[in-house]
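Engineer: Dropping in protein_8.tsv, with TSV, C-alpha atoms.
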chain	number	residue	atom	x	y	z
A	28	MET	CA	4.11	-40.13	17.32
A	29	LEU	CA	4.71	-36.44	17.90
A	30	LYS	CA	6.57	-35.55	21.01
A	31	ASN	CA	6.43	-32.38	23.03
A	32	VAL	CA	9.68	-30.43	22.74
A	33	PRO	CA	10.12	-27.63	25.30
A	34	LEU	CA	9.92	-24.19	23.71
A	35	SER	CA	13.07	-23.17	25.58
A	36	GLU	CA	14.97	-25.31	23.07
A	37	LEU	CA	13.53	-23.24	20.24
A	38	GLU	CA	15.70	-20.24	21.12
A	39	GLY	CA	18.97	-22.03	20.42
A	40	MET	CA	17.61	-23.83	17.38
A	41	THR	CA	16.25	-20.70	15.65
A	42	GLU	CA	19.50	-18.84	16.32
A	43	ILE	CA	21.34	-21.61	14.46
A	44	LEU	CA	18.69	-21.93	11.75
A	45	TYR	CA	18.60	-18.23	10.84
A	46	LYS	CA	22.14	-17.13	11.64
A	47	GLN	CA	24.26	-20.05	10.48
A	48	PRO	CA	23.94	-20.56	6.70
A	49	ASN	CA	24.94	-24.24	6.88
A	50	ALA	CA	22.84	-25.28	9.84
A	51	ASN	CA	23.35	-28.82	11.03
A	52	GLN	CA	20.74	-31.17	9.55
A	53	SER	CA	19.87	-32.45	13.02
A	54	VAL	CA	18.85	-28.91	14.04
A	55	VAL	CA	16.61	-28.63	10.98
A	56	LEU	CA	14.99	-31.98	11.84
A	57	SER	CA	14.51	-31.04	15.49
A	58	ILE	CA	12.90	-27.73	14.65
A	59	ASP	CA	10.63	-29.46	12.12
A	60	GLN	CA	9.58	-31.91	14.81
A	61	LEU	CA	8.89	-29.12	17.25
A	62	SER	CA	6.85	-27.15	14.69
A	63	ASN	CA	4.86	-30.23	13.76
A	64	TYR	CA	3.95	-30.81	17.36
A	65	TYR	CA	2.81	-27.27	18.01
A	66	GLU	CA	1.12	-26.71	14.66
A	67	LYS	CA	-1.01	-29.83	15.03
A	68	ASN	CA	-1.93	-29.20	18.63
A	69	LEU	CA	-5.01	-26.96	18.69
A	70	GLN	CA	-4.36	-25.57	22.15
A	71	SER	CA	-0.70	-24.84	21.61
A	72	TYR	CA	-1.36	-21.25	20.58
A	73	LYS	CA	-1.64	-20.20	24.25
A	74	GLU	CA	1.78	-21.59	25.09
A	75	LEU	CA	3.27	-20.03	21.96
A	76	PHE	CA	1.86	-16.58	22.75
A	77	ASP	CA	3.12	-16.86	26.35
A	78	TYR	CA	6.58	-17.80	25.19
A	79	PHE	CA	6.58	-15.00	22.61
A	80	ASN	CA	6.13	-12.56	25.49
A	81	ILE	CA	8.80	-14.22	27.63
A	82	THR	CA	11.67	-14.71	25.20
A	83	ASN	CA	14.06	-11.95	24.21
A	84	VAL	CA	15.41	-13.88	21.23
A	85	ASP	CA	14.30	-12.23	17.96
A	86	THR	CA	14.63	-15.35	15.82
A	87	CYS	CA	12.55	-17.33	18.31
A	88	GLN	CA	9.79	-14.69	18.32
A	89	PHE	CA	9.80	-14.69	14.52
A	90	TYR	CA	9.51	-18.48	14.39
A	91	ILE	CA	6.67	-18.50	16.92
A	92	LEU	CA	4.71	-15.98	14.84
A	93	GLN	CA	5.28	-18.13	11.79
A	94	MET	CA	3.93	-21.19	13.62
A	95	LEU	CA	0.89	-19.17	14.74
A	96	VAL	CA	0.18	-18.24	11.10
A	97	LYS	CA	0.22	-21.95	10.19
A	98	ILE	CA	-1.94	-22.86	13.18
A	99	THR	CA	-4.49	-20.24	12.11
A	100	ASN	CA	-4.56	-21.47	8.51
A	101	ASN	CA	-4.82	-25.13	9.57
A	102	ASN	CA	-7.27	-24.81	12.41
A	103	TYR	CA	-9.39	-21.68	12.11
A	104	TYR	CA	-12.57	-23.56	11.33
A	105	THR	CA	-12.05	-26.07	14.15
A	106	PHE	CA	-11.30	-23.51	16.86
A	107	SER	CA	-14.12	-23.03	19.36
A	108	ASP	CA	-15.56	-19.52	19.74
A	109	GLU	CA	-13.83	-19.32	23.12
A	110	ASP	CA	-10.46	-20.11	21.55
A	111	LYS	CA	-11.07	-17.57	18.80
A	112	GLY	CA	-11.79	-14.93	21.43
A	113	ASN	CA	-8.64	-15.88	23.35
A	114	PHE	CA	-6.55	-15.78	20.19
A	115	ARG	CA	-7.76	-12.25	19.40
A	116	LEU	CA	-6.93	-11.14	22.94
A	117	CYS	CA	-3.42	-12.53	22.55
A	118	LEU	CA	-3.01	-10.56	19.31
A	119	PHE	CA	-4.03	-7.37	21.10
A	120	GLN	CA	-1.56	-8.06	23.89
A	121	ILE	CA	1.22	-8.07	21.31
A	122	PHE	CA	-0.16	-4.90	19.73
A	123	ASP	CA	-0.12	-3.21	23.16
A	124	ASN	CA	3.62	-3.77	23.24
A	125	ILE	CA	4.18	-2.85	19.61
A	126	THR	CA	6.54	0.02	20.54
A	127	LYS	CA	9.13	-2.56	21.61
A	128	LEU	CA	8.74	-4.53	18.38
A	129	LEU	CA	8.92	-1.72	15.85
A	130	GLN	CA	12.69	-1.57	16.11
A	131	ARG	CA	12.76	-5.06	14.65
A	132	GLN	CA	11.11	-4.80	11.25
A	133	PHE	CA	11.08	-8.52	10.42
A	134	ILE	CA	9.07	-9.29	13.55
A	135	VAL	CA	6.59	-6.50	12.83
A	136	ASN	CA	6.16	-7.83	9.30
A	137	LYS	CA	5.47	-11.33	10.57
A	138	PHE	CA	3.07	-10.06	13.24
A	139	SER	CA	1.24	-8.11	10.51
A	140	VAL	CA	0.96	-11.31	8.47
A	141	LEU	CA	-0.46	-13.13	11.51
A	142	TYR	CA	-2.98	-10.35	12.17
A	143	ILE	CA	-4.09	-10.27	8.53
A	144	THR	CA	-4.24	-14.08	8.34
A	145	TRP	CA	-6.63	-14.02	11.28
A	146	LEU	CA	-8.69	-11.23	9.71
A	147	LYS	CA	-8.86	-13.17	6.46
A	148	TYR	CA	-11.16	-15.63	8.21
A	149	ASP	CA	-12.65	-13.48	10.93
A	150	TYR	CA	-13.39	-10.05	9.51
A	151	PRO	CA	-15.91	-8.52	9.58
A	152	GLU	CA	-18.39	-11.21	10.62
A	153	LYS	CA	-16.70	-12.32	13.84
A	154	TRP	CA	-14.38	-9.45	14.61
A	155	GLU	CA	-16.02	-6.29	13.37
A	156	ASP	CA	-13.89	-3.86	15.37
A	157	ALA	CA	-10.53	-5.41	14.47
A	158	PHE	CA	-9.34	-2.34	12.57
A	159	LYS	CA	-11.26	0.30	14.51
A	160	ILE	CA	-9.72	-0.76	17.83
A	161	LEU	CA	-6.26	-0.29	16.36
A	162	LEU	CA	-7.20	3.06	14.92
A	163	SER	CA	-8.80	4.27	18.16
A	164	SER	CA	-5.47	3.70	19.91
A	165	THR	CA	-4.02	6.52	17.80
A	166	TYR	CA	-6.69	8.99	18.92
A	167	LYS	CA	-5.50	9.01	22.52
A	168	ASP	CA	-5.10	12.59	23.71
A	169	ASN	CA	-5.39	13.87	20.17
A	170	ASN	CA	-7.53	16.76	21.43
A	171	ASN	CA	-4.92	17.60	23.99
A	172	THR	CA	-1.80	17.53	21.89
A	173	GLU	CA	0.09	20.19	23.80
A	174	LYS	CA	-0.13	18.08	26.95
A	175	LEU	CA	1.20	14.92	25.39
A	176	ASN	CA	4.31	13.75	27.12
A	177	LYS	CA	7.15	12.30	25.12
A	178	LEU	CA	6.20	8.68	25.79
A	179	SER	CA	2.58	9.01	24.70
A	180	LYS	CA	3.68	10.89	21.61
A	181	ILE	CA	5.92	7.97	20.73
A	182	TYR	CA	3.04	5.58	21.47
A	183	ASN	CA	0.74	7.58	19.23
A	184	ILE	CA	3.22	7.66	16.35
A	185	THR	CA	4.13	4.02	16.84
A	186	ASN	CA	0.54	2.86	16.57
A	187	LYS	CA	0.02	4.89	13.41
A	188	ASP	CA	3.22	3.36	12.05
A	189	PHE	CA	1.96	-0.14	12.77
A	190	ILE	CA	-1.46	0.49	11.23
A	191	VAL	CA	0.04	1.62	7.93
A	192	GLU	CA	2.41	-1.37	8.04
A	193	LEU	CA	-0.61	-3.58	8.62
A	194	PHE	CA	-2.41	-2.14	5.62
A	195	LEU	CA	0.60	-2.69	3.39
A	196	THR	CA	0.55	-6.33	4.51
A	197	PHE	CA	-3.21	-6.45	3.93
A	198	ASP	CA	-2.61	-5.37	0.35
A	199	ASP	CA	0.20	-7.91	-0.10
A	200	GLU	CA	-1.80	-10.79	1.35
A	201	LEU	CA	-5.34	-10.10	0.17
A	202	ILE	CA	-5.40	-7.74	-2.81
A	203	LYS	CA	-2.23	-7.39	-4.85
A	204	TYR	CA	-2.05	-10.95	-6.16
A	205	ARG	CA	-5.80	-11.44	-6.58
A	206	ASN	CA	-5.33	-13.07	-9.98
A	207	THR	CA	-3.70	-16.02	-8.24
A	208	TYR	CA	-6.27	-16.55	-5.49
A	209	THR	CA	-8.44	-19.60	-4.97
A	210	GLU	CA	-12.17	-19.07	-5.21
A	211	LEU	CA	-12.46	-18.92	-1.42
A	212	GLU	CA	-9.60	-16.42	-1.07
A	213	ALA	CA	-11.05	-14.22	-3.82
A	214	LYS	CA	-14.43	-14.29	-2.09
A	215	ARG	CA	-12.92	-13.39	1.28
A	216	SER	CA	-10.84	-10.64	-0.31
A	217	ASN	CA	-13.97	-9.07	-1.82
A	218	ILE	CA	-15.91	-9.32	1.46
A	219	LEU	CA	-13.11	-7.60	3.35
A	220	LYS	CA	-12.65	-4.88	0.74
A	221	ASP	CA	-16.39	-4.16	0.53
A	222	TYR	CA	-16.69	-3.86	4.29
A	223	LEU	CA	-13.55	-1.78	4.69
A	224	ARG	CA	-14.60	0.50	1.84
A	225	ASP	CA	-17.90	1.29	3.57
A	226	ASN	CA	-16.77	1.30	7.18
A	227	PHE	CA	-13.10	2.05	7.63
A	228	VAL	CA	-11.17	3.51	4.72
A	229	LYS	CA	-12.38	7.06	5.34
A	230	ASP	CA	-11.07	6.92	8.93
A	231	LEU	CA	-7.79	5.43	7.74
A	232	VAL	CA	-7.35	8.21	5.18
A	233	ASN	CA	-8.05	10.77	7.92
A	234	MET	CA	-5.34	9.19	10.06
A	235	VAL	CA	-2.90	9.32	7.16
A	236	ASN	CA	-3.83	12.96	6.56
A	237	GLN	CA	-3.01	13.67	10.22
A	238	VAL	CA	0.49	12.44	9.49
A	239	PHE	CA	0.72	14.45	6.25
A	240	ASN	CA	-0.58	17.61	7.94
A	241	ASN	CA	1.99	17.35	10.72
A	242	LEU	CA	5.09	16.48	8.73
A	243	SER	CA	7.30	18.45	11.11
A	244	GLU	CA	6.24	16.15	13.97
A	245	PHE	CA	7.28	13.18	11.85
A	246	GLN	CA	10.45	14.70	10.42
A	247	ASN	CA	12.58	11.95	11.99
A	248	GLN	CA	10.10	9.29	10.97
A	249	LYS	CA	10.75	9.05	7.25
A	250	LYS	CA	9.47	5.45	7.16
A	251	ILE	CA	5.96	6.33	8.36
A	252	ILE	CA	5.65	9.09	5.72
A	253	LEU	CA	6.80	6.69	3.01
A	254	ASN	CA	4.42	3.98	4.22
A	255	CYS	CA	1.50	6.44	4.40
A	256	THR	CA	2.24	7.41	0.79
A	257	LYS	CA	2.28	3.75	-0.26
A	258	VAL	CA	-0.98	3.07	1.56
A	259	ILE	CA	-2.70	5.93	-0.28
A	260	ALA	CA	-1.40	4.54	-3.59
A	261	GLN	CA	-2.86	1.14	-2.73
A	262	LEU	CA	-6.21	2.46	-1.50
A	263	ILE	CA	-6.74	4.53	-4.66
A	264	ASP	CA	-6.96	1.28	-6.62
A	265	TRP	CA	-10.19	0.13	-4.95
A	266	ASN	CA	-11.77	3.22	-3.44
A	267	ASN	CA	-13.51	6.37	-4.64
A	268	LEU	CA	-10.93	8.91	-5.82
A	269	ASN	CA	-12.85	11.72	-4.08
A	270	LEU	CA	-11.63	10.41	-0.73
A	271	PHE	CA	-8.04	11.28	-1.51
A	272	GLY	CA	-8.13	14.97	-2.50
A	273	GLU	CA	-6.39	16.22	0.64
A	274	SER	CA	-3.84	13.40	0.70
A	275	VAL	CA	-2.97	13.75	-2.98
A	276	ASN	CA	-2.43	17.50	-2.66
A	277	ILE	CA	0.15	16.94	0.06
A	278	ILE	CA	1.73	14.01	-1.75
A	279	LEU	CA	2.18	16.19	-4.85
A	280	GLN	CA	4.23	18.55	-2.68
A	281	LEU	CA	6.41	15.60	-1.66
A	282	LEU	CA	7.39	15.22	-5.32
A	283	SER	CA	9.89	18.04	-4.81
A	284	ASN	CA	11.64	16.12	-2.00
A	285	GLU	CA	14.09	13.52	-3.25
A	286	ASP	CA	13.49	11.28	-0.22
A	287	PHE	CA	9.78	10.90	-1.03
A	288	GLN	CA	9.69	11.44	-4.79
A	289	SER	CA	9.76	7.80	-5.85
A	290	ASP	CA	6.88	6.75	-3.57
A	291	ALA	CA	4.88	9.88	-4.40
A	292	LEU	CA	5.06	8.77	-8.04
A	293	LEU	CA	3.40	5.50	-7.01
A	294	VAL	CA	0.36	7.60	-6.08
A	295	LEU	CA	0.36	9.30	-9.49
A	296	ASN	CA	0.67	5.88	-11.09
A	297	ALA	CA	-2.32	4.63	-9.08
A	298	ILE	CA	-4.42	7.60	-10.24
A	299	VAL	CA	-3.37	7.12	-13.88
A	300	ASN	CA	-4.12	3.38	-13.80
A	301	LYS	CA	-7.28	3.51	-11.68
A	302	GLY	CA	-10.00	1.46	-13.31
A	303	THR	CA	-7.68	0.26	-16.06
A	304	LYS	CA	-8.71	-3.05	-17.43
A	305	GLN	CA	-6.33	-5.82	-18.30
A	306	LYS	CA	-7.10	-5.39	-22.00
A	307	PHE	CA	-5.09	-2.16	-22.03
A	308	LYS	CA	-1.89	-4.01	-21.30
A	309	ILE	CA	0.35	-4.49	-24.31
A	310	ASN	CA	0.22	-7.97	-25.77
A	311	GLU	CA	2.95	-9.33	-27.99
A	312	ASN	CA	1.38	-10.20	-31.31
B	23	MET	CA	-14.50	4.29	-18.48
B	24	ASP	CA	-13.15	4.62	-22.02
B	25	VAL	CA	-9.57	5.74	-22.54
B	26	VAL	CA	-10.49	9.08	-24.16
B	27	SER	CA	-12.50	10.11	-21.09
B	28	LYS	CA	-9.74	8.86	-18.86
B	29	LEU	CA	-7.12	11.01	-20.58
B	30	GLU	CA	-9.47	14.01	-20.42
B	31	ILE	CA	-9.89	13.49	-16.66
B	32	LEU	CA	-6.13	13.16	-16.12
B	33	LYS	CA	-5.65	16.37	-18.08
B	34	ASN	CA	-8.33	18.21	-16.08
B	35	LEU	CA	-6.89	16.99	-12.80
B	36	GLY	CA	-3.58	18.52	-13.81
B	37	ILE	CA	-1.89	15.12	-13.66
B	38	LEU	CA	-0.59	15.29	-17.24
B	39	ASN	CA	0.88	18.71	-16.55
B	40	ILE	CA	2.67	17.44	-13.43
B	41	ILE	CA	4.08	14.47	-15.33
B	42	HIS	CA	5.25	16.80	-18.08
B	43	ARG	CA	7.06	19.01	-15.58
B	44	LEU	CA	8.73	15.99	-13.99
B	45	LEU	CA	9.80	14.68	-17.40
B	46	ILE	CA	11.61	17.90	-18.29
B	47	SER	CA	12.93	18.62	-14.79
B	48	LYS	CA	15.89	16.21	-15.11
B	49	THR	CA	16.08	16.08	-11.32
B	50	LEU	CA	14.74	12.60	-10.76
B	51	ASN	CA	16.81	9.86	-9.19
B	52	GLU	CA	16.92	6.41	-10.75
B	53	SER	CA	14.10	4.94	-8.71
B	54	SER	CA	11.80	7.93	-9.40
B	55	LEU	CA	12.63	7.82	-13.09
B	56	PHE	CA	11.71	4.15	-13.18
B	57	ASN	CA	8.32	4.91	-11.59
B	58	LEU	CA	7.77	7.85	-13.94
B	59	CYS	CA	8.49	5.60	-16.95
B	60	ASP	CA	5.76	3.25	-15.69
B	61	ILE	CA	3.30	6.14	-15.70
B	62	VAL	CA	4.32	7.39	-19.15
B	63	ASN	CA	4.07	3.84	-20.43
B	64	SER	CA	0.49	3.57	-19.17
B	65	ILE	CA	-0.45	6.91	-20.73
B	66	GLY	CA	1.13	5.84	-24.01
B	67	ILE	CA	-0.95	2.68	-24.00
B	68	PHE	CA	-4.15	4.66	-23.36
B	69	LEU	CA	-3.26	6.94	-26.27
B	70	LEU	CA	-2.59	4.06	-28.60
B	71	ASP	CA	-5.70	2.29	-27.55
B	72	SER	CA	-7.80	5.37	-28.19
B	73	GLN	CA	-6.16	5.89	-31.58
B	74	PHE	CA	-6.33	2.31	-32.72
B	75	GLN	CA	-9.42	1.09	-30.99
B	76	GLN	CA	-11.03	0.46	-34.36
B	77	LYS	CA	-8.15	-1.70	-35.54
B	78	GLU	CA	-6.93	-5.08	-34.48
B	79	LYS	CA	-3.64	-4.76	-32.63
B	80	SER	CA	-2.48	-7.86	-34.44
B	81	GLN	CA	-2.46	-5.81	-37.66
B	82	MET	CA	0.26	-3.56	-36.26
B	83	ASN	CA	3.83	-4.68	-36.31
B	84	THR	CA	6.04	-3.94	-33.33
B	85	GLU	CA	7.97	-1.12	-35.03
B	86	LEU	CA	4.81	0.73	-36.00
B	87	TYR	CA	3.44	0.19	-32.53
B	88	VAL	CA	6.53	1.63	-30.83
B	89	ASN	CA	6.80	4.53	-33.28
B	90	ASN	CA	3.21	5.47	-32.68
B	91	LEU	CA	3.67	5.15	-28.94
B	92	LEU	CA	6.63	7.53	-28.99
B	93	SER	CA	5.08	10.06	-31.36
B	94	ASN	CA	1.89	10.13	-29.30
B	95	ILE	CA	3.81	10.68	-26.08
B	96	ILE	CA	5.82	13.50	-27.70
B	97	TYR	CA	2.58	15.01	-29.02
B	98	LEU	CA	0.92	14.73	-25.62
B	99	PHE	CA	3.74	16.50	-23.82
B	100	SER	CA	4.60	19.05	-26.51
When written as structure tokens, how does the structure in this file appear?

Structural biologist:
Amino acid sequence: MLKNVPLSELEGMTEILYKQPNANQSVVLSIDQLSNYYEKNLQSYKELFDYFNITNVDTCQFYILQMLVKITNNNYYTFSDEDKGNFRLCLFQIFDNITKLLQRQFIVNKFSVLYITWLKYDYPEKWEDAFKILLSSTYKDNNNTEKLNKLSKIYNITNKDFIVELFLTFDDELIKYRNTYTELEAKRSNILKDYLRDNFVKDLVNMVNQVFNNLSEFQNQKKIILNCTKVIAQLIDWNNLNLFGESVNIILQLLSNEDFQSDALLVLNAIVNKGTKQKFKINEN
Amino acid sequence: MDVVSKLEILKNLGILNIIHRLLISKTLNESSLFNLCDIVNSIGIFLLDSQFQQKEKSQMNTELYVNNLLSNIIYLFS
């Protein structure tokens, strides 16, 4: 029978698990037992989200997000509508504090996976504004730029940063490896892409262009420029090329900058290979 | 879209010209060069496919295939 293990014990266990290469087998067993308990308990997500917000231990936060991904995959179809609504609210609470998390890339990556895992089941039918709400957070005070104080500028940049990170994860989880998907995953991937193509991609490209048109504002934010470039390369694959004229013109200028050259070439590669069918790949004969 | 039209579009968009300039610039770092090779490889395959679309690829041996790939790339960027 599964037994409830207090989450406070998770902090010490994850520190050992991730930071000591030869972790004691008893720690591995204990953490397995704890995960089993929480992953099989439908209501445990609330406690996990609460503890995520309380703990300051990175490894513990990472592990909690991982458990929440498993809980979503195992239980999405058995969650009540009320639980689904609560789960989405919990995700937004983390997003509201994303500024604190962005310094720790591995946690942001895992949070992106959790968000996309949820969207895989939920979007657009049950959670139509999932992307638009994130995007609208970057519009705050955009018409009043000169009055932005330092903190809100950081908030604005941070949210843009997270959205492009999220889209890179979206591509990793739901598009890039489409040849390996199950029938259900392939169907969901197509539904999401079709809806995003018609309802969101244009706004996303506009947001990316805002970054590209204000490179001086982002001069210390090399990562966001690189990620915006990668996102454009990914979007070109499944969207109308006409959407990307402005972005591509700026990206071509980045070709002369060694820091951005390699990723700018990914955009050229995407344009060259757009619409290419598998038959054009070389086969050994 | 057939490969001939595709190459024509890439040429009209100025993409082939940009790739040509990058190829001769000799200023690329290793990672950029790797990505550029990917692009040139794709273009080479389009060229071959357009040239040999009437033939079975199985009729070509590897050496002929590579030689044609290289000569077509040189021709494209000359």

Engineer: Return the single residue from A:Ile134, A:Leu295, A:Cys87, A:Leu219 that is closest to Ile58 (chain A), with distances computed using all atoms listed in the file.

Structural biologist: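 Looking only at the distances to Ile58 (chain A), the closest residue turns out to be A:Cys87.
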
Engineer: State, in Å with one decimal place, the distance from CA of Asn206 (chain A) to CA of Val96 (chain A).

Structural biologist: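 Rounded to one decimal, the two atoms are 22.4 Å apart.
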
Engineer: In Å, how far is it from CA of Phe79 (chain A) to CA of Tyr142 (chain A)?

Structural biologist: 14.9 Å

Engineer: Residues of chain B no more than 10 Å from chain A, counting only C-alpha atoms: send them over as an MDAnalysis selection string.

Structural biologist: chainID B and resid 23:25 28:29 31:32 37:38 40:41 44 49:65 67:68 70:71 79:84 87

Engineer: Could the residues in this selection be saved with C-alpha atoms as a JSON list (two decimals), in the frame of the given file?

Structural biologist:
[["chain", "number", "residue", "atom", "x", "y", "z"],
["B", 23, "MET", "CA", -14.50, 4.29, -18.48],
["B", 24, "ASP", "CA", -13.15, 4.62, -22.02],
["B", 25, "VAL", "CA", -9.57, 5.74, -22.54],
["B", 28, "LYS", "CA", -9.74, 8.86, -18.86],
["B", 29, "LEU", "CA", -7.12, 11.01, -20.58],
["B", 31, "ILE", "CA", -9.89, 13.49, -16.66],
["B", 32, "LEU", "CA", -6.13, 13.16, -16.12],
["B", 37, "ILE", "CA", -1.89, 15.12, -13.66],
["B", 38, "LEU", "CA", -0.59, 15.29, -17.24],
["B", 40, "ILE", "CA", 2.67, 17.44, -13.43],
["B", 41, "ILE", "CA", 4.08, 14.47, -15.33],
["B", 44, "LEU", "CA", 8.73, 15.99, -13.99],
["B", 49, "THR", "CA", 16.08, 16.08, -11.32],
["B", 50, "LEU", "CA", 14.74, 12.60, -10.76],
["B", 51, "ASN", "CA", 16.81, 9.86, -9.19],
["B", 52, "GLU", "CA", 16.92, 6.41, -10.75],
["B", 53, "SER", "CA", 14.10, 4.94, -8.71],
["B", 54, "SER", "CA", 11.80, 7.93, -9.40],
["B", 55, "LEU", "CA", 12.63, 7.82, -13.09],
["B", 56, "PHE", "CA", 11.71, 4.15, -13.18],
["B", 57, "ASN", "CA", 8.32, 4.91, -11.59],
["B", 58, "LEU", "CA", 7.77, 7.85, -13.94],
["B", 59, "CYS", "CA", 8.49, 5.60, -16.95],
["B", 60, "ASP", "CA", 5.76, 3.25, -15.69],
["B", 61, "ILE", "CA", 3.30, 6.14, -15.70],
["B", 62, "VAL", "CA", 4.32, 7.39, -19.15],
["B", 63, "ASN", "CA", 4.07, 3.84, -20.43],
["B", 64, "SER", "CA", 0.49, 3.57, -19.17],
["B", 65, "ILE", "CA", -0.45, 6.91, -20.73],
["B", 67, "ILE", "CA", -0.95, 2.68, -24.00],
["B", 68, "PHE", "CA", -4.15, 4.66, -23.36],
["B", 70, "LEU", "CA", -2.59, 4.06, -28.60],
["B", 71, "ASP", "CA", -5.70, 2.29, -27.55],
["B", 79, "LYS", "CA", -3.64, -4.76, -32.63],
["B", 80, "SER", "CA", -2.48, -7.86, -34.44],
["B", 81, "GLN", "CA", -2.46, -5.81, -37.66],
["B", 82, "MET", "CA", 0.26, -3.56, -36.26],
["B", 83, "ASN", "CA", 3.83, -4.68, -36.31],
["B", 84, "THR", "CA", 6.04, -3.94, -33.33],
["B", 87, "TYR", "CA", 3.44, 0.19, -32.53]]

Engineer: Find the residues near region 270-278 of chain A: any atom within 8 Å, counting all atoms listed in the file, skip ones fewer than 5 places away on the same chain, and give them as number ranges by chain.

Structural biologist: A: 229, 232, 235-236, 239-240, 256, 259, 263, 291, 294

Engineer: Grab the residues selected above and save them as a tab-separated table (two decimals), in the coordinates of the input with C-alpha atoms.

Structural biologist:
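Generated output (out-v5.tsv):
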chain	number	residue	atom	x	y	z
A	229	LYS	CA	-12.38	7.06	5.34
A	232	VAL	CA	-7.35	8.21	5.18
A	235	VAL	CA	-2.90	9.32	7.16
A	236	ASN	CA	-3.83	12.96	6.56
A	239	PHE	CA	0.72	14.45	6.25
A	240	ASN	CA	-0.58	17.61	7.94
A	256	THR	CA	2.24	7.41	0.79
A	259	ILE	CA	-2.70	5.93	-0.28
A	263	ILE	CA	-6.74	4.53	-4.66
A	291	ALA	CA	4.88	9.88	-4.40
A	294	VAL	CA	0.36	7.60	-6.08

Engineer: Go ahead and compute the interatomic distance for CA of Asp188 (chain A) and CA of Phe89 (chain A), in Å to one decimal.

Structural biologist: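 Distance reported for this atom pair: 19.4 Å.
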
Engineer: May I have the residues at most 12 Å from (-10.5, 2.9, 5.5) in the file's coordinates, counting all atoms listed in the file, as a ChimeraX atom specification?

Structural biologist: /A:158-159,162,190-191,194,197,219-235,258-259,261-263,265-267,270-271

Engineer: Find the spatial neighbours of region 35-42 of chain A, counting all atoms listed in the file, within a cut-off of 7 Å - ignore same-chain residues fewer than 3 positions away - and output them as a ChimeraX atom specification.

Structural biologist: /A:45-46,54,58,84,86-87

Engineer: Point out the residue among A:Leu141, A:Leu69, A:Leu146, A:Leu129 with the least atom-to-atom distance to Asp110 (chain A), counting all atoms listed in the file.

Structural biologist: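 Ranked by minimum distance to Asp110 (chain A), first place goes to A:Leu69.
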